[in-house]
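Q: My file is structure28.txt. It has compact mmCIF, C-alpha atoms:
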# COMPACT_ATOMS: atom_id res chain seq x y z
CA MET A 1 -79.34 -51.77 117.72
CA PHE A 2 -76.84 -54.53 117.05
CA SER A 3 -77.76 -54.87 113.41
CA PHE A 4 -77.35 -51.13 113.03
CA LEU A 5 -73.96 -51.27 114.66
CA LYS A 6 -72.84 -54.06 112.42
CA GLU A 7 -73.49 -51.93 109.37
CA ASP A 8 -71.03 -49.34 110.54
CA GLY A 9 -67.35 -50.02 109.88
CA GLU A 10 -66.21 -47.96 112.82
CA ASN A 11 -68.48 -49.79 115.22
CA ALA A 12 -67.34 -53.19 114.09
CA LYS A 13 -64.14 -52.45 115.94
CA LEU A 14 -66.02 -51.64 119.11
CA LYS A 15 -67.94 -54.85 118.92
CA LYS A 16 -64.77 -56.91 118.99
CA THR A 17 -63.86 -55.46 122.36
CA ASN A 18 -66.88 -57.29 123.74
CA GLU A 19 -66.85 -55.50 127.05
CA GLY A 20 -70.56 -55.25 127.52
CA TRP A 21 -73.26 -52.69 127.08
CA LEU A 22 -71.62 -49.95 129.06
CA LYS A 23 -68.65 -50.02 126.71
CA TYR A 24 -71.03 -49.91 123.75
CA LEU A 25 -72.87 -46.96 125.10
CA GLN A 26 -69.62 -45.18 125.86
CA GLY A 27 -68.49 -45.99 122.37
CA ILE A 28 -71.63 -44.64 120.81
CA VAL A 29 -71.43 -41.46 122.85
CA MET A 30 -67.80 -41.11 121.80
CA MET A 31 -68.66 -41.68 118.15
CA ALA A 32 -71.34 -39.07 118.46
CA HIS A 33 -68.70 -36.91 120.13
CA GLY A 34 -70.51 -35.73 123.16
CA SER A 35 -73.68 -33.89 122.48
CA THR A 36 -77.14 -35.40 122.62
CA GLU A 37 -77.85 -33.87 119.26
CA ASN A 38 -74.87 -35.65 117.76
CA LEU A 39 -75.90 -38.89 119.40
CA LEU A 40 -79.39 -38.65 117.90
CA CYS A 41 -77.85 -37.80 114.55
CA PHE A 42 -75.71 -40.88 114.76
CA LEU A 43 -78.57 -43.17 115.78
CA ARG A 44 -80.75 -41.79 112.99
CA GLY A 45 -77.92 -42.40 110.55
CA ASP A 46 -77.96 -38.71 109.65
CA ARG A 47 -74.50 -38.49 108.18
CA VAL A 48 -72.61 -36.42 105.63
CA LYS A 49 -69.88 -37.68 103.34
CA ILE A 50 -66.61 -35.77 103.22
CA GLU A 51 -63.39 -36.24 101.26
CA LEU A 52 -60.68 -36.75 103.83
CA ASN A 53 -57.06 -35.84 102.99
CA LEU A 54 -54.43 -36.30 105.68
CA TYR A 55 -50.93 -35.18 104.78
CA ALA A 56 -47.39 -36.16 105.72
CA THR A 57 -47.12 -37.69 109.19
CA LEU A 58 -50.88 -37.36 109.74
CA SER A 59 -51.59 -40.10 107.21
CA ARG A 60 -51.08 -42.59 110.03
CA TYR A 61 -54.38 -41.35 111.47
CA LEU A 62 -56.32 -42.40 108.37
CA PRO A 63 -59.25 -44.55 109.48
CA ASP A 64 -59.06 -48.28 108.67
CA GLY A 65 -60.02 -48.97 105.11
CA LEU A 66 -59.06 -45.54 103.82
CA SER A 67 -55.97 -44.90 101.73
CA GLY A 68 -54.50 -42.13 99.61
CA GLU A 69 -57.07 -42.98 96.93
CA GLU A 70 -60.09 -43.98 99.04
CA LYS A 71 -60.93 -40.75 100.76
CA GLU A 72 -64.65 -40.88 101.35
CA TYR A 73 -65.56 -40.70 105.00
CA ASP A 74 -68.80 -40.31 106.97
CA VAL A 75 -69.34 -37.94 109.85
CA ASN A 76 -72.48 -36.89 111.72
CA ARG A 77 -74.37 -34.04 110.17
CA GLY A 78 -73.34 -30.94 112.06
CA ALA A 79 -69.92 -32.30 113.04
CA THR A 80 -67.19 -29.66 113.24
CA VAL A 81 -63.49 -29.72 112.37
CA ASP A 82 -62.77 -30.23 116.05
CA ASP A 83 -65.14 -33.22 116.17
CA LEU A 84 -63.33 -34.71 113.19
CA LEU A 85 -59.90 -34.28 114.79
CA GLN A 86 -61.17 -35.97 117.94
CA LEU A 87 -62.78 -38.77 115.97
CA LEU A 88 -59.52 -39.45 114.12
CA LYS A 89 -57.58 -39.13 117.41
CA ILE A 90 -55.27 -36.51 115.89
CA PRO A 91 -53.50 -34.67 118.72
CA VAL A 92 -54.80 -31.12 118.34
CA GLY A 93 -51.43 -29.67 119.26
CA GLN A 94 -49.97 -31.16 116.07
CA VAL A 95 -52.36 -29.41 113.74
CA LYS A 96 -52.83 -25.77 112.83
CA LEU A 97 -53.68 -26.18 109.19
CA VAL A 98 -57.12 -27.46 108.33
CA PHE A 99 -58.64 -26.47 105.01
CA LEU A 100 -62.17 -27.01 103.74
CA ASN A 101 -62.42 -26.79 99.97
CA GLY A 102 -59.08 -24.95 99.92
CA VAL A 103 -60.05 -22.32 102.49
CA HIS A 104 -58.54 -22.20 105.96
CA ALA A 105 -61.09 -23.44 108.50
CA ASN A 106 -61.54 -22.77 112.19
CA ARG A 107 -61.95 -25.54 114.73
CA ASP A 108 -65.67 -24.88 114.99
CA THR A 109 -66.37 -24.83 111.25
CA VAL A 110 -69.11 -27.34 110.38
CA LEU A 111 -68.34 -30.01 107.80
CA SER A 112 -70.74 -30.04 104.87
CA GLU A 113 -71.78 -32.77 102.45
CA GLY A 114 -69.10 -33.42 99.84
CA CYS A 115 -66.57 -30.99 101.27
CA ARG A 116 -62.89 -31.64 100.68
CA VAL A 117 -61.03 -31.65 103.98
CA GLY A 118 -57.24 -31.26 104.10
CA ILE A 119 -55.37 -31.61 107.39
CA PHE A 120 -51.67 -30.74 107.46
CA PRO A 121 -48.96 -31.03 110.10
CA PRO A 122 -46.55 -28.10 110.49
CA VAL A 123 -43.53 -29.03 108.34
CA GLY A 124 -40.37 -27.08 109.12
CA GLY A 125 -37.43 -28.82 107.46
CA GLY A 126 -35.13 -27.38 104.83
CA MET B 1 -8.75 -8.96 79.62
CA THR B 2 -12.44 -8.49 80.40
CA LEU B 3 -14.33 -5.23 80.06
CA ALA B 4 -14.62 -5.13 83.84
CA ASP B 5 -10.83 -5.36 84.16
CA ARG B 6 -10.21 -2.77 81.47
CA TYR B 7 -12.54 -0.22 83.04
CA GLN B 8 -11.78 -1.29 86.60
CA CYS B 9 -15.37 -1.82 87.53
CA HIS B 10 -17.58 -4.72 88.55
CA THR B 11 -18.90 -7.09 85.91
CA GLY B 12 -22.37 -6.35 87.27
CA GLU B 13 -21.95 -2.72 86.31
CA ILE B 14 -20.98 -3.72 82.77
CA TYR B 15 -24.12 -5.88 82.51
CA THR B 16 -26.28 -3.03 83.82
CA GLU B 17 -24.82 -0.43 81.45
CA ALA B 18 -25.14 -2.82 78.52
CA LEU B 19 -28.80 -3.54 79.28
CA LYS B 20 -29.48 0.17 79.60
CA ILE B 21 -28.41 0.77 76.01
CA GLY B 22 -30.28 -2.29 74.74
CA VAL B 23 -27.38 -4.73 74.62
CA TRP B 24 -28.08 -8.11 76.22
CA PRO B 25 -25.15 -9.77 77.95
CA TYR B 26 -24.80 -13.08 76.13
CA ARG B 27 -25.29 -15.03 79.35
CA TYR B 28 -28.84 -13.67 79.64
CA ILE B 29 -29.79 -14.20 76.01
CA ARG B 30 -31.92 -17.25 76.81
CA ASN B 31 -33.77 -15.29 79.47
CA ARG B 32 -35.49 -13.44 76.60
CA ASP B 33 -38.45 -13.04 76.48
CA GLY B 34 -39.29 -14.61 79.80
CA TYR B 35 -37.76 -11.40 81.08
CA SER B 36 -38.00 -8.17 79.14
CA ARG B 37 -34.91 -5.97 78.99
CA ASP B 38 -36.47 -3.82 81.70
CA ASP B 39 -37.03 -6.91 83.84
CA GLN B 40 -33.43 -8.03 83.39
CA LEU B 41 -32.24 -4.54 84.26
CA LYS B 42 -34.43 -4.50 87.36
CA LEU B 43 -33.03 -7.86 88.45
CA ALA B 44 -29.49 -6.53 87.95
CA GLY B 45 -30.21 -3.81 90.48
CA ALA B 46 -32.17 -5.98 92.92
CA ARG B 47 -31.09 -7.29 96.31
CA ALA B 48 -32.09 -10.61 97.82
CA ALA B 49 -30.99 -12.08 101.14
CA ILE B 50 -31.08 -15.84 101.52
CA VAL B 51 -31.15 -16.99 105.12
CA GLY B 52 -30.02 -20.59 105.32
CA CYS B 53 -27.72 -22.01 102.63
CA GLY B 54 -28.69 -25.67 102.94
CA GLY B 55 -31.30 -27.72 101.10
CA LEU B 56 -33.52 -24.78 100.20
CA GLY B 57 -31.07 -21.88 100.25
CA GLY B 58 -28.46 -23.55 98.05
CA THR B 59 -30.89 -24.03 95.19
CA VAL B 60 -32.46 -20.59 95.66
CA THR B 61 -28.96 -19.05 95.51
CA LEU B 62 -28.01 -20.82 92.30
CA LEU B 63 -31.32 -19.98 90.60
CA LEU B 64 -31.16 -16.30 91.53
CA ALA B 65 -27.50 -16.08 90.48
CA ARG B 66 -28.30 -17.56 87.08
CA SER B 67 -31.36 -15.35 86.76
CA GLY B 68 -29.15 -12.30 87.20
CA VAL B 69 -30.24 -10.89 90.56
CA GLY B 70 -27.48 -8.33 91.04
CA PHE B 71 -26.94 -8.42 94.80
CA LEU B 72 -27.13 -11.52 96.98
CA THR B 73 -26.53 -11.83 100.71
CA LEU B 74 -26.01 -15.42 101.82
CA VAL B 75 -26.50 -16.07 105.52
CA ASP B 76 -25.48 -19.29 107.27
CA TYR B 77 -23.15 -19.87 110.22
CA ASP B 78 -22.95 -23.62 109.64
CA VAL B 79 -20.39 -25.74 107.75
CA PHE B 80 -21.06 -28.62 105.37
CA ASP B 81 -21.01 -32.18 106.59
CA GLU B 82 -21.63 -35.53 104.96
CA THR B 83 -25.33 -35.63 105.85
CA ASN B 84 -25.85 -32.56 103.65
CA LEU B 85 -24.71 -34.35 100.49
CA ASN B 86 -28.09 -36.01 99.89
CA ARG B 87 -29.80 -32.73 99.07
CA GLN B 88 -27.87 -29.50 99.49
CA ALA B 89 -26.99 -28.07 96.10
CA LEU B 90 -23.90 -26.21 97.33
CA SER B 91 -22.39 -29.21 99.10
CA GLY B 92 -19.76 -31.48 97.55
CA MET B 93 -16.86 -33.65 98.56
CA GLN B 94 -14.49 -30.72 98.08
CA ASN B 95 -16.18 -28.48 100.62
CA MET B 96 -16.88 -30.72 103.61
CA GLY B 97 -16.21 -28.69 106.76
CA THR B 98 -16.26 -25.34 104.96
CA SER B 99 -18.73 -22.51 105.51
CA LYS B 100 -22.02 -22.94 103.66
CA SER B 101 -22.48 -19.23 102.99
CA GLU B 102 -18.87 -18.72 101.88
CA THR B 103 -19.08 -21.75 99.60
CA GLY B 104 -22.26 -20.26 98.21
CA ARG B 105 -20.48 -16.99 97.54
CA LYS B 106 -17.71 -18.73 95.59
CA MET B 107 -20.13 -20.86 93.59
CA THR B 108 -22.25 -17.82 92.79
CA LEU B 109 -19.23 -15.95 91.42
CA ASP B 110 -18.21 -18.99 89.42
CA ILE B 111 -21.67 -19.07 87.82
CA ASN B 112 -22.15 -15.34 87.43
CA PRO B 113 -19.42 -12.79 88.19
CA GLY B 114 -22.04 -10.11 87.54
CA VAL B 115 -23.49 -10.76 91.00
CA ARG B 116 -22.18 -8.84 93.99
CA VAL B 117 -22.43 -11.47 96.67
CA ARG B 118 -21.76 -11.19 100.37
CA SER B 119 -21.51 -14.12 102.74
CA GLU B 120 -22.42 -13.76 106.41
CA GLN B 121 -21.51 -16.42 108.95
CA VAL B 122 -24.00 -15.30 111.52
CA LYS B 123 -27.19 -16.44 113.23
CA ILE B 124 -30.09 -14.11 112.53
CA ASP B 125 -31.67 -12.52 115.58
CA GLU B 126 -32.94 -9.07 116.53
CA GLU B 127 -29.40 -7.90 117.13
CA SER B 128 -27.69 -9.18 114.00
CA ALA B 129 -30.56 -8.69 111.56
CA PRO B 130 -30.35 -4.94 110.85
CA ASP B 131 -26.69 -5.08 109.75
CA VAL B 132 -27.10 -8.18 107.66
CA LEU B 133 -30.56 -7.83 106.12
CA SER B 134 -31.68 -4.21 106.10
CA ASP B 135 -30.53 -3.48 102.53
CA ALA B 136 -32.48 -6.43 101.07
CA ASP B 137 -35.52 -5.99 98.80
CA VAL B 138 -36.66 -9.48 99.73
CA ILE B 139 -35.64 -12.11 102.29
CA VAL B 140 -35.83 -15.84 101.67
CA ASP B 141 -36.68 -18.10 104.60
CA ALA B 142 -34.55 -21.13 103.79
CA LEU B 143 -34.05 -22.24 107.38
CA ASP B 144 -34.52 -25.74 108.75
CA ASN B 145 -36.50 -25.34 111.96
CA ILE B 146 -39.60 -23.56 113.19
CA PRO B 147 -38.24 -21.38 116.03
CA ASP B 148 -35.57 -19.81 113.79
CA ARG B 149 -38.20 -19.20 111.11
CA LEU B 150 -40.40 -17.34 113.61
CA VAL B 151 -37.43 -15.16 114.60
CA LEU B 152 -36.68 -14.42 110.93
CA GLN B 153 -40.30 -13.45 110.29
CA ARG B 154 -40.20 -11.07 113.24
CA VAL B 155 -37.06 -9.31 112.03
CA ALA B 156 -38.34 -9.16 108.44
CA ARG B 157 -41.47 -7.44 109.72
CA ASN B 158 -39.43 -5.02 111.80
CA LEU B 159 -37.33 -4.18 108.76
CA ASN B 160 -40.43 -3.93 106.54
CA ILE B 161 -39.10 -6.42 104.01
CA PRO B 162 -41.11 -9.15 102.19
CA LEU B 163 -40.36 -12.72 103.25
CA VAL B 164 -40.63 -15.81 101.06
CA HIS B 165 -41.20 -18.84 103.26
CA GLY B 166 -40.49 -22.43 102.23
CA ALA B 167 -40.35 -25.62 104.27
CA LEU B 168 -40.60 -29.36 103.81
CA ALA B 169 -40.77 -32.82 105.32
CA GLY B 170 -40.34 -35.99 103.31
CA PHE B 171 -41.95 -35.49 99.91
CA ASN B 172 -44.21 -32.74 101.26
CA GLY B 173 -43.42 -29.07 101.06
CA GLN B 174 -44.95 -25.64 101.34
CA VAL B 175 -44.34 -22.08 100.15
CA MET B 176 -45.92 -18.80 101.20
CA THR B 177 -45.04 -15.16 100.56
CA ILE B 178 -45.47 -12.85 103.52
CA LEU B 179 -45.46 -9.11 102.89
CA PRO B 180 -44.87 -6.72 105.79
CA GLY B 181 -48.07 -6.48 107.83
CA ASP B 182 -49.48 -9.78 106.58
CA PRO B 183 -50.24 -12.51 109.06
CA GLY B 184 -47.88 -15.31 108.17
CA LEU B 185 -46.15 -18.15 109.93
CA GLU B 186 -48.35 -17.80 113.02
CA LEU B 187 -51.14 -19.19 110.83
CA ILE B 188 -49.04 -22.26 110.10
CA TYR B 189 -46.93 -23.03 113.15
CA PRO B 190 -47.69 -23.50 116.83
CA SER B 191 -45.89 -20.77 118.77
CA ASP B 192 -44.36 -23.29 121.18
CA ALA B 193 -42.69 -25.48 118.53
CA GLY B 194 -39.40 -26.93 119.72
CA LYS B 195 -36.17 -26.70 117.78
CA LYS B 196 -35.21 -30.33 117.65
CA ASP B 197 -38.57 -32.00 117.99
CA PRO B 198 -38.13 -35.77 117.45
CA GLU B 199 -41.85 -35.94 116.58
CA SER B 200 -41.66 -33.24 113.90
CA PRO B 201 -42.68 -34.39 110.41
CA GLU B 202 -39.18 -33.70 109.06
CA ALA B 203 -37.59 -35.77 111.84
CA ILE B 204 -39.89 -38.67 111.03
CA MET B 205 -40.03 -38.39 107.22
CA GLY B 206 -36.56 -37.06 106.52
CA VAL B 207 -35.46 -34.49 103.96
CA PRO B 208 -34.74 -36.23 100.65
CA ALA B 209 -33.27 -34.38 97.68
CA ILE B 210 -36.18 -33.80 95.36
CA THR B 211 -38.51 -31.93 97.68
CA PRO B 212 -36.16 -29.07 98.64
CA SER B 213 -35.27 -28.42 95.02
CA VAL B 214 -38.97 -28.13 94.10
CA VAL B 215 -39.78 -25.93 97.10
CA ALA B 216 -36.67 -23.79 96.48
CA SER B 217 -37.64 -23.32 92.82
CA LEU B 218 -41.09 -22.08 93.87
CA GLN B 219 -39.42 -19.74 96.36
CA ALA B 220 -37.04 -18.37 93.71
CA MET B 221 -40.03 -17.66 91.46
CA GLU B 222 -41.73 -15.77 94.29
CA VAL B 223 -38.56 -13.70 94.73
CA VAL B 224 -38.47 -12.86 91.03
CA LYS B 225 -42.17 -11.91 91.04
CA ILE B 226 -41.63 -9.63 94.03
CA LEU B 227 -38.55 -8.00 92.49
CA LEU B 228 -40.24 -7.47 89.14
CA ASP B 229 -43.71 -6.72 90.49
CA ARG B 230 -45.10 -9.30 88.10
CA GLY B 231 -47.62 -12.15 88.22
CA GLN B 232 -49.61 -13.43 91.19
CA LEU B 233 -47.82 -13.96 94.46
CA LEU B 234 -48.61 -16.75 96.90
CA ARG B 235 -49.63 -13.99 99.28
CA ASN B 236 -52.20 -14.90 101.94
CA LYS B 237 -52.06 -18.27 100.28
CA LEU B 238 -50.10 -21.40 101.00
CA ILE B 239 -49.07 -23.82 98.31
CA TYR B 240 -48.72 -27.29 99.77
CA ILE B 241 -47.28 -30.01 97.60
CA ASP B 242 -47.29 -33.75 98.18
CA LEU B 243 -44.97 -35.02 95.47
CA GLU B 244 -45.50 -38.70 96.16
CA SER B 245 -49.29 -38.55 95.80
CA SER B 246 -49.16 -35.79 93.16
CA ARG B 247 -51.37 -33.62 95.31
CA PHE B 248 -50.82 -29.89 94.77
CA ASN B 249 -52.96 -27.55 96.85
CA ILE B 250 -53.17 -23.79 96.92
CA MET B 251 -55.06 -22.76 100.02
CA SER B 252 -56.27 -19.38 101.10
CA PHE B 253 -56.55 -17.75 104.49
CA PRO B 254 -59.81 -15.79 104.64
CA GLU B 255 -58.69 -14.15 107.90
CA THR B 256 -56.06 -12.28 105.89
CA THR B 257 -58.40 -10.60 103.46
CA GLY B 258 -60.34 -8.46 105.94
Turn the structure described in the file into structure tokens.
A:
Amino acid sequence: MFSFLKEDGENAKLKKTNEGWLKYLQGIVMMAHGSTENLLCFLRGDRVKIELNLYATLSRYLPDGLSGEEKEYDVNRGATVDDLLQLLKIPVGQVKLVFLNGVHANRDTVLSEGCRVGIFPPVGGG
Amino acid sequence: MTLADRYQCHTGEIYTEALKIGVWPYRYIRNRDGYSRDDQLKLAGARAAIVGCGGLGGTVTLLLARSGVGFLTLVDYDVFDETNLNRQALSGMQNMGTSKSETGRKMTLDINPGVRVRSEQVKIDEESAPDVLSDADVIVDALDNIPDRLVLQRVARNLNIPLVHGALAGFNGQVMTILPGDPGLELIYPSDAGKKDPESPEAIMGVPAITPSVVASLQAMEVVKILLDRGQLLRNKLIYIDLESSRFNIMSFPETTG
């Protein structure tokens, strides 16, 4: 299981915390965001690649290693918009505008392989 | 002595009569053939209300005045201060402390005396809106905060008038046209947004000059398209621009098409 974890960029961070197995398991469950199905997906390495675009103030939630140009990001197959927001730790209250391939998405819309995800904060200045 | 003086009428009427008989006022000659004579004539008789005369509204006002929109209502109860100088097209050293909407009226007349322009130093709410906005063919949302925008959308719906929304933060901006009956800002904004939210994107990223002028130009184009019934509106669609990363998105709301 360790070697598998080492391959995953997100888990490398967890490993550094070095707080024992319980923390690991909690971490894995969190990464798999809750459901057993997601957890199995994660352990199997059953992932889909998405293009992640975070705009304006949300760019601070870009995962480590991603930038404006490097947008490719892995999520579990079957993960929803809501799962993605949780994974990125974006406060849900800050976001109303999520678009998949240019079409407004609901929170429970499932992310598909290769889809272009845009997440926008509500800008109101003038 | 101008024709308007000689015949004791408004310059706008001279322009309209001239266009009717196929004579282009010289000031509009370079509008050909972006606008047909019929288009220019339609604009001369059209009425737009611009709510907010700051970063967005100032540029919208100047563009519509130059385009030849015949009737403009400029709404803003605020006065210019030094922090406006970085972006607001109507602001200048000469008009610090003066009314934004009244300054807009004077600048409009300086650019185009063919425009009949009214300035209103009032805050738009359910009570004030009918008097100020009910004669408009289109209303421009050029405000600077979410709660006031939601109020404006409500009154525009009540008055059955199209609304052209524009907003920005940093080098990001958005435009959407909302016709009466369309879902609109409720798709974009949380209903509990605060007025002076220190965590809002615009509070964090600021409002530099370039973004409002781009957003305002897109808004002015939406106004012209509505007034002339031409082209494709950004209706049930949001254009979101990120100038720094050169990302331009037009996104659709499938919930609006049913």
Q: Need to verify the contact set: Ile250 (chain B), 12 Å, all atoms listed in the file, exclusion of same-chain residues closer than 6 positions in sequence. Can you return it as an NGL selection string?
A: (:A and (99-104 or 118)) or (:B and (173-176 or 233-242))
Q: Restrict the distance test to only C-alpha atoms, flag each residue of chain A within 7 Å of chain B, and return the flagged residues as a PyMOL selection string.
A: chain A and resi 56-57+96-97+102-104+122-126
Q: When you count all atoms listed in the file, which of these residues is closest to Phe42 (chain A): A:Pro121, A:Pro91, A:Pro63, A:Gly78?
A: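 Answer, going by the shortest atom-to-atom distance: A:Gly78.
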Q: Could you pull the residues within 8 Å of region 63-69 of chain B, counting all atoms listed in the file, minus those fewer than 4 positions along the same chain, as a list in words?
A: Tyr28, Asn31, Gln40, Leu43, Ala44, Gly45, Ala46, Arg47, Ala48, Thr59, Thr108, Ile111, Asn112, Gly114, Val115, Ser217 and Ala220 of chain B
Q: Every residue with an atom at most 8 Å from (-68.6, -31.8, 102.7) (file coordinates; only C-alpha atoms) is what I'm after, so could you write them as a list in words?
A: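 Nearby residues: Val48, Lys49, Ile50, Glu51, Leu111, Ser112, Glu113, Gly114, Cys115, Arg116 and Val117 of chain A.
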Q: Just give me the gap between CA of Trp24 (chain B) and CA of Arg37 (chain B) in Å, one decimal is fine.
A: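 If I compute the distance from CA of Trp24 (chain B) to CA of Arg37 (chain B), I get 7.7 Å.
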